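What follows is the content of upload-v7.csv, which has CSV, C-alpha atoms:
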```csv
chain,number,residue,atom,x,y,z
W,1,MET,CA,104.9,25.6,118.2
W,2,ASP,CA,101.5,24.2,119.3
W,3,LEU,CA,98.2,25.9,119.1
W,4,TYR,CA,96.2,26.1,122.3
W,5,PRO,CA,92.5,27.0,121.7
W,6,ALA,CA,91.3,28.6,124.9
W,7,ILE,CA,88.0,27.9,126.8
W,8,ASP,CA,87.3,30.2,129.7
W,9,ILE,CA,84.4,29.1,132.0
W,10,ARG,CA,82.2,31.3,134.2
W,11,ASP,CA,79.0,30.2,135.8
W,12,GLY,CA,79.2,27.0,133.9
W,13,GLY,CA,79.3,28.6,130.5
W,14,ALA,CA,82.1,29.3,127.9
W,15,VAL,CA,82.9,33.0,127.9
W,16,ARG,CA,85.5,35.5,126.8
W,17,LEU,CA,86.4,38.6,128.8
W,18,THR,CA,88.0,41.7,127.3
W,19,GLN,CA,91.2,42.7,129.1
W,20,GLY,CA,90.3,40.4,132.0
W,21,ASP,CA,87.2,42.6,132.8
W,22,PHE,CA,84.4,40.6,134.3
W,23,ASP,CA,81.9,43.3,133.2
W,24,ARG,CA,83.0,42.9,129.6
W,25,GLN,CA,81.9,39.4,128.8
W,26,SER,CA,80.8,37.5,125.7
W,27,ASP,CA,79.0,34.2,126.0
W,28,TYR,CA,79.7,31.1,123.8
W,29,GLY,CA,77.5,28.3,125.2
W,30,ASP,CA,78.5,24.9,126.5
W,31,PRO,CA,82.2,24.5,127.3
W,32,VAL,CA,82.2,20.8,126.7
W,33,ALA,CA,80.6,21.2,123.2
W,34,LEU,CA,83.2,23.9,122.4
W,35,ALA,CA,86.0,21.8,123.5
W,36,THR,CA,84.8,18.9,121.5
W,37,ARG,CA,84.6,21.1,118.4
W,38,PHE,CA,88.1,22.4,118.8
W,39,ALA,CA,89.5,18.9,119.3
W,40,ALA,CA,87.7,17.6,116.3
W,41,ALA,CA,89.2,20.4,114.2
W,42,GLY,CA,92.7,19.2,115.0
W,43,ALA,CA,93.8,21.2,118.1
W,44,PRO,CA,96.8,19.5,119.6
W,45,TRP,CA,96.0,21.0,123.1
W,46,LEU,CA,93.2,22.8,124.9
W,47,HIS,CA,93.7,25.6,127.4
W,48,VAL,CA,90.9,25.7,129.9
W,49,VAL,CA,90.5,28.3,132.7
W,50,ASP,CA,88.0,28.3,135.6
W,51,LEU,CA,87.4,32.1,135.8
W,52,ASP,CA,85.3,31.9,138.9
W,53,ALA,CA,88.0,29.9,140.7
W,54,ALA,CA,90.7,32.3,139.6
W,55,ARG,CA,88.8,35.1,141.2
W,56,SER,CA,87.6,33.4,144.4
W,57,GLY,CA,89.8,30.4,144.9
W,58,GLN,CA,86.7,28.2,145.0
W,59,PRO,CA,86.6,25.4,142.3
W,60,VAL,CA,83.2,26.4,141.0
W,61,ASN,CA,83.6,24.8,137.6
W,62,ARG,CA,85.9,21.9,138.3
W,63,ALA,CA,83.4,19.3,137.3
W,64,THR,CA,83.1,21.0,133.9
W,65,VAL,CA,86.9,21.1,133.5
W,66,LEU,CA,87.1,17.4,134.3
W,67,ALA,CA,84.2,16.7,131.9
W,68,ILE,CA,86.2,18.4,129.1
W,69,ALA,CA,89.2,16.3,129.9
W,70,ALA,CA,87.0,13.2,129.8
W,71,HIS,CA,85.3,14.1,126.5
W,72,VAL,CA,88.3,14.9,124.3
W,73,ALA,CA,91.2,12.9,123.1
W,74,VAL,CA,93.7,15.7,123.2
W,75,PRO,CA,95.6,16.9,126.3
W,76,VAL,CA,94.0,19.6,128.4
W,77,GLU,CA,96.0,22.3,130.2
W,78,THR,CA,94.0,24.0,133.0
W,79,GLY,CA,94.4,26.9,135.4
W,80,GLY,CA,92.2,29.1,137.6
W,81,GLY,CA,91.9,28.4,141.3
W,82,VAL,CA,94.7,25.8,141.5
W,83,ARG,CA,95.8,26.9,145.0
W,84,SER,CA,96.9,23.7,146.8
W,85,MET,CA,98.4,20.2,146.3
W,86,ASP,CA,94.9,18.8,146.7
W,87,ASP,CA,93.8,20.9,143.7
W,88,VAL,CA,96.8,19.7,141.7
W,89,THR,CA,96.1,16.1,142.6
W,90,GLU,CA,92.4,16.2,141.9
W,91,LEU,CA,92.9,17.7,138.4
W,92,LEU,CA,95.9,15.6,137.3
W,93,ASP,CA,94.6,12.4,138.7
W,94,GLY,CA,91.2,13.3,137.2
W,95,GLY,CA,92.4,13.3,133.6
W,96,VAL,CA,93.9,16.8,133.0
W,97,ALA,CA,97.3,16.7,131.4
W,98,ARG,CA,98.8,19.8,132.9
W,99,VAL,CA,97.9,22.3,135.6
W,100,VAL,CA,98.8,26.0,135.6
W,101,LEU,CA,99.7,27.6,138.9
W,102,GLY,CA,99.1,31.4,139.1
W,103,THR,CA,98.2,33.2,142.3
W,104,ALA,CA,99.2,30.2,144.4
W,105,ALA,CA,102.8,30.4,143.1
W,106,LEU,CA,103.1,33.9,144.7
W,107,ASP,CA,101.2,33.1,147.9
W,108,ASP,CA,103.1,29.8,148.5
W,109,PRO,CA,106.3,29.6,146.5
W,110,GLY,CA,107.1,26.2,147.8
W,111,LEU,CA,103.9,24.8,146.1
W,112,VAL,CA,105.6,25.0,142.7
W,113,ARG,CA,108.4,22.8,143.7
W,114,ARG,CA,106.2,20.4,145.6
W,115,ALA,CA,103.9,20.1,142.6
W,116,THR,CA,106.7,19.6,140.1
W,117,ALA,CA,108.3,17.0,142.3
W,118,ALA,CA,105.1,15.0,142.6
W,119,TYR,CA,104.1,15.4,138.9
W,120,PRO,CA,107.2,15.9,136.7
W,121,GLY,CA,106.4,17.5,133.4
W,122,ARG,CA,102.8,18.3,134.2
W,123,VAL,CA,103.0,21.6,136.1
W,124,ALA,CA,103.2,25.1,134.4
W,125,LEU,CA,103.4,28.6,135.9
W,126,GLY,CA,101.0,31.2,134.7
W,127,LEU,CA,102.2,34.8,134.7
W,128,ASP,CA,99.6,37.4,133.7
W,129,TYR,CA,100.9,40.9,133.6
W,130,ARG,CA,100.0,44.6,133.0
W,131,ARG,CA,102.5,47.3,132.1
W,132,THR,CA,103.1,49.8,134.8
W,133,PRO,CA,103.6,53.5,134.0
W,134,ASP,CA,107.4,52.9,134.1
W,135,GLY,CA,107.1,50.0,131.7
W,136,ARG,CA,107.6,47.1,134.1
W,137,ALA,CA,105.6,43.9,133.5
W,138,GLU,CA,103.7,43.6,136.8
W,139,VAL,CA,102.1,40.2,137.5
W,140,ALA,CA,98.4,40.3,138.5
W,141,VAL,CA,96.7,37.8,140.7
W,142,ARG,CA,93.2,36.6,141.9
W,143,GLY,CA,91.6,36.7,138.5
W,144,TRP,CA,93.7,39.7,137.4
W,145,GLU,CA,91.9,41.9,139.9
W,146,GLU,CA,95.0,42.7,142.1
W,147,GLY,CA,98.6,43.7,141.3
W,148,SER,CA,101.3,41.6,143.0
W,149,GLY,CA,104.0,44.3,143.0
W,150,ARG,CA,106.3,41.8,141.3
W,151,THR,CA,107.5,41.5,137.8
W,152,VAL,CA,107.5,38.6,135.3
W,153,ALA,CA,111.3,38.6,135.4
W,154,GLU,CA,111.5,38.5,139.2
W,155,LEU,CA,109.1,35.5,139.4
W,156,LEU,CA,110.9,33.6,136.6
W,157,ALA,CA,114.2,34.0,138.5
W,158,GLU,CA,112.5,32.6,141.7
W,159,VAL,CA,111.3,29.4,139.9
W,160,ALA,CA,114.5,28.7,138.0
W,161,GLY,CA,115.4,25.1,138.3
W,162,ALA,CA,112.0,24.1,139.6
W,163,GLY,CA,111.3,21.7,136.8
W,164,LEU,CA,108.3,23.5,135.2
W,165,ALA,CA,106.8,22.0,132.1
W,166,ALA,CA,106.1,25.5,130.7
W,167,VAL,CA,105.4,29.1,131.6
W,168,VAL,CA,102.2,30.7,130.3
W,169,VAL,CA,102.7,34.4,129.8
W,170,THR,CA,99.6,36.6,129.2
W,171,SER,CA,99.4,40.3,128.3
W,172,ILE,CA,96.3,41.4,130.1
W,173,GLU,CA,95.9,44.6,128.2
W,174,ARG,CA,95.9,42.7,124.9
W,175,ASP,CA,93.7,39.8,126.0
W,176,GLY,CA,90.5,39.7,124.0
W,177,MET,CA,91.5,42.8,122.0
W,178,LEU,CA,92.6,41.0,118.8
W,179,SER,CA,95.2,43.7,118.4
W,180,GLY,CA,98.3,41.4,118.2
W,181,PRO,CA,100.6,39.9,120.9
W,182,ASP,CA,103.2,41.7,123.0
W,183,VAL,CA,106.1,40.7,120.9
W,184,ASP,CA,108.7,42.7,122.8
W,185,GLY,CA,107.5,41.2,126.1
W,186,LEU,CA,107.7,37.7,124.8
W,187,VAL,CA,111.2,38.2,123.4
W,188,ALA,CA,112.3,39.3,126.9
W,189,VAL,CA,110.7,36.3,128.5
W,190,LEU,CA,112.3,33.9,126.0
W,191,ALA,CA,115.7,35.4,126.6
W,192,SER,CA,115.4,35.2,130.4
W,193,THR,CA,114.3,31.6,131.0
W,194,ASP,CA,115.1,28.1,129.7
W,195,VAL,CA,111.5,26.9,130.5
W,196,PRO,CA,109.2,26.4,127.4
W,197,VAL,CA,107.1,29.6,126.9
W,198,ILE,CA,103.5,29.7,125.8
W,199,ALA,CA,102.2,33.0,124.6
W,200,SER,CA,98.8,34.4,125.4
W,201,GLY,CA,96.9,37.6,124.7
W,202,GLY,CA,96.2,39.6,121.6
W,203,VAL,CA,96.1,37.0,118.9
W,204,GLY,CA,93.6,38.2,116.2
W,205,SER,CA,94.5,36.2,113.1
W,206,ALA,CA,96.4,33.3,111.7
W,207,ASP,CA,99.1,35.9,110.7
W,208,ASP,CA,99.6,36.7,114.4
W,209,ILE,CA,100.1,32.9,115.0
W,210,ALA,CA,102.6,32.7,112.2
W,211,ALA,CA,104.5,35.7,113.6
W,212,LEU,CA,104.7,34.0,117.0
W,213,ALA,CA,105.9,30.8,115.4
W,214,ALA,CA,108.7,32.7,113.8
W,215,LEU,CA,109.7,34.7,116.9
W,216,GLU,CA,113.3,34.1,118.1
W,217,ALA,CA,115.3,35.3,121.0
W,218,ALA,CA,118.9,34.8,122.1
W,219,ALA,CA,119.4,33.1,125.5
W,220,PRO,CA,122.3,34.0,127.7
W,221,ASP,CA,124.2,30.9,126.6
W,222,GLY,CA,123.8,31.9,123.0
W,223,ARG,CA,121.0,29.4,122.1
W,224,VAL,CA,118.2,30.5,119.9
W,225,ARG,CA,114.9,30.3,121.8
W,226,ARG,CA,111.4,30.0,120.2
W,227,LEU,CA,107.9,29.8,121.6
W,228,SER,CA,106.5,26.3,122.4
W,229,GLY,CA,102.9,27.4,122.2
W,230,ALA,CA,100.3,30.1,121.5
W,231,ILE,CA,96.9,30.4,123.1
W,232,THR,CA,94.0,31.9,121.3
W,233,GLY,CA,90.3,32.2,122.2
W,234,LYS,CA,88.3,35.1,120.8
W,235,ALA,CA,89.8,34.9,117.3
W,236,LEU,CA,88.5,31.3,117.1
W,237,VAL,CA,85.0,31.8,118.6
W,238,ASP,CA,84.5,35.1,116.6
W,239,GLY,CA,85.4,33.4,113.3
W,240,ARG,CA,88.5,35.4,112.6
W,241,MET,CA,90.4,32.2,112.0
W,242,THR,CA,89.7,28.4,112.2
W,243,VAL,CA,91.6,25.9,114.3
W,244,GLU,CA,92.9,24.4,111.1
W,245,GLU,CA,94.3,27.7,110.0
W,246,GLY,CA,95.9,28.3,113.4
W,247,VAL,CA,97.5,24.9,113.4
W,248,ALA,CA,98.9,25.4,109.9
W,249,ALA,CA,100.2,28.9,110.9
W,250,CYS,CA,102.1,27.3,113.8
W,251,ALA,CA,104.2,25.5,111.3
W,252,ARG,CA,105.1,28.3,109.0
W,253,SER,CA,107.4,31.4,109.5
W,254,VAL,CA,107.0,34.9,108.2
```
Take the structure in this file and express it as structure tokens.
Amino acid sequence: MDLYPAIDIRDGGAVRLTQGDFDRQSDYGDPVALATRFAAAGAPWLHVVDLDAARSGQPVNRATVLAIAAHVAVPVETGGGVRSMDDVTELLDGGVARVVLGTAALDDPGLVRRATAAYPGRVALGLDYRRTPDGRAEVAVRGWEEGSGRTVAELLAEVAGAGLAAVVVTSIERDGMLSGPDVDGLVAVLASTDVPVIASGGVGSADDIAALAALEAAAPDGRVRRLSGAITGKALVDGRMTVEEGVAACARSV
């Protein structure tokens, strides 16, 4: 399992939101400097999100995203406002290793297959969800401000066979809370898709990373499935763990 230190960008700065709430923001300075620090500490990937673009669809911070990709020697995965093939092309041809389609995948389902055909192995699907009162994992869109009325399981079924490099699954209620990941939700995702799964939301310590590295689920064909990656942001910038500790935890089981 790989560690993906997260860098969220809003108004040109590195920030962290709590539960996706734009009114509950903490600031962490220059995104490029933060990315350089994470890469120097041994991060195998970086996960970069343009929050302004996720909300509005306008690539407000795209130059900063591309600057990060140019300044670090590790691959950069990015999402937020990737709504068209032009966006996909600009980012991937501009040095980003992988793009994450979110809202656009629901608005234009064909975009996923067009993008994966044009850039094999470089397109991921982002599914950010909240639990409904009846327990369903409803996917949210447009910077987590709107519900889609559709579940994680439904959308995974729609993109089966599309050639995705990964699916990034985020528990919005846990994001920025440092309270631990949604283990039950992740097991359900692992069991329902053969696409590599990257977990996001709730990581508060290296022990949480180790628990995710040890997580297993049985696929319908009987194979044992494990996570391919874990995203963490606030735990790193708040000093609850280091990149080095997170990378080491990815390699051990509990």
Sorted by chain and rising residue number, list the residues of region 53-143 of chain W at most 10 Å from region 151-173 of chain W (counting only C-alpha atoms), each with its closest atom pair and distance in Å to one decimal, as CSV.
```
residue,atom,partner,partner_atom,distance
W:Arg98,CA,W:Ala165,CA,8.3
W:Val99,CA,W:Ala165,CA,9.6
W:Val100,CA,W:Val168,CA,7.9
W:Leu101,CA,W:Val167,CA,9.4
W:Gly102,CA,W:Val168,CA,9.4
W:Ala105,CA,W:Leu155,CA,8.9
W:Leu106,CA,W:Leu155,CA,8.2
W:Pro109,CA,W:Val159,CA,8.3
W:Gly110,CA,W:Val159,CA,9.5
W:Val112,CA,W:Ala162,CA,7.2
W:Arg113,CA,W:Ala162,CA,5.6
W:Arg114,CA,W:Ala162,CA,9.1
W:Ala115,CA,W:Leu164,CA,9.3
W:Thr116,CA,W:Gly163,CA,6.0
W:Ala117,CA,W:Gly163,CA,7.8
W:Tyr119,CA,W:Gly163,CA,9.8
W:Pro120,CA,W:Gly163,CA,7.1
W:Gly121,CA,W:Ala165,CA,4.7
W:Arg122,CA,W:Ala165,CA,5.8
W:Val123,CA,W:Ala165,CA,5.5
W:Ala124,CA,W:Ala166,CA,4.7
W:Leu125,CA,W:Val167,CA,4.8
W:Gly126,CA,W:Val168,CA,4.6
W:Leu127,CA,W:Val169,CA,4.9
W:Asp128,CA,W:Thr170,CA,4.6
W:Tyr129,CA,W:Ser171,CA,5.5
W:Arg130,CA,W:Ile172,CA,5.7
W:Arg131,CA,W:Glu173,CA,8.1
W:Thr132,CA,W:Thr151,CA,9.9
W:Arg136,CA,W:Thr151,CA,6.7
W:Ala137,CA,W:Thr151,CA,5.3
W:Glu138,CA,W:Thr151,CA,4.5
W:Val139,CA,W:Thr151,CA,5.6
W:Ala140,CA,W:Ile172,CA,8.7
```
- Counting only C-alpha atoms, figure out which residue out of W:Val243, W:Leu190, W:Val224, W:Val141 gets nearest to Ile209 (chain W).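 Answer, going by the shortest atom-to-atom distance: W:Val243.
Here CA of Asp86 (chain W) and CA of Pro44 (chain W) stand 27.2 Å from one another.
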- Find the spatial neighbours of Leu111 (chain W), counting all atoms listed in the file, within a cut-off of 8 Å - ignore same-chain residues fewer than 6 positions away - and output them as a list in words. Ser84, Met85, Ala104 and Ala105 of chain W
- Message: Give me, as a list in words, all polymer residues having an atom no more than 12 Å from Gln58 (chain W), counting all atoms listed in the file and skipping those fewer than 2 positions away in the same chain.
- Response: Asp50, Leu51, Asp52, Ala53, Ala54, Arg55, Ser56, Val60, Asn61, Arg62, Gly80, Gly81, Val82, Arg83, Ser84, Asp87, Arg142 and Gly143 of chain W
- Which residue, W:Leu178, W:Ala217, W:Ala188, W:Val195, has the smallest gap to Gly239 (chain W) when you use only C-alpha atoms? W:Leu178
- Message: Need to verify the contact set: Arg225 (chain W), 9 Å, only C-alpha atoms, exclusion of same-chain residues closer than 3 positions in sequence. Can you return it as a ChimeraX atom specification?
- Response: /W:187,190-191,194,196,215-219
- Among the residues W:Ser148, W:Ala6, W:Gly79, W:Met1, the one that comes closest to Val203 (chain W) [using all atoms listed in the file]: W:Ala6
- Task: Grab the CA of Leu66 (chain W) to CA of Ser205 (chain W) distance for me, in Å with one decimal place.
- Result: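 A separation of 29.3 Å between them.
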- Query: So which residues are close to (96.9, 26.1, 116.9), meaning at most 10 Å away in the file's coordinates with all atoms listed in the file counted, and can you show them as a PyMOL selection string?
  - Reply: chain W and resi 1-5+38+41-46+206+209-210+229-232+236+242-251
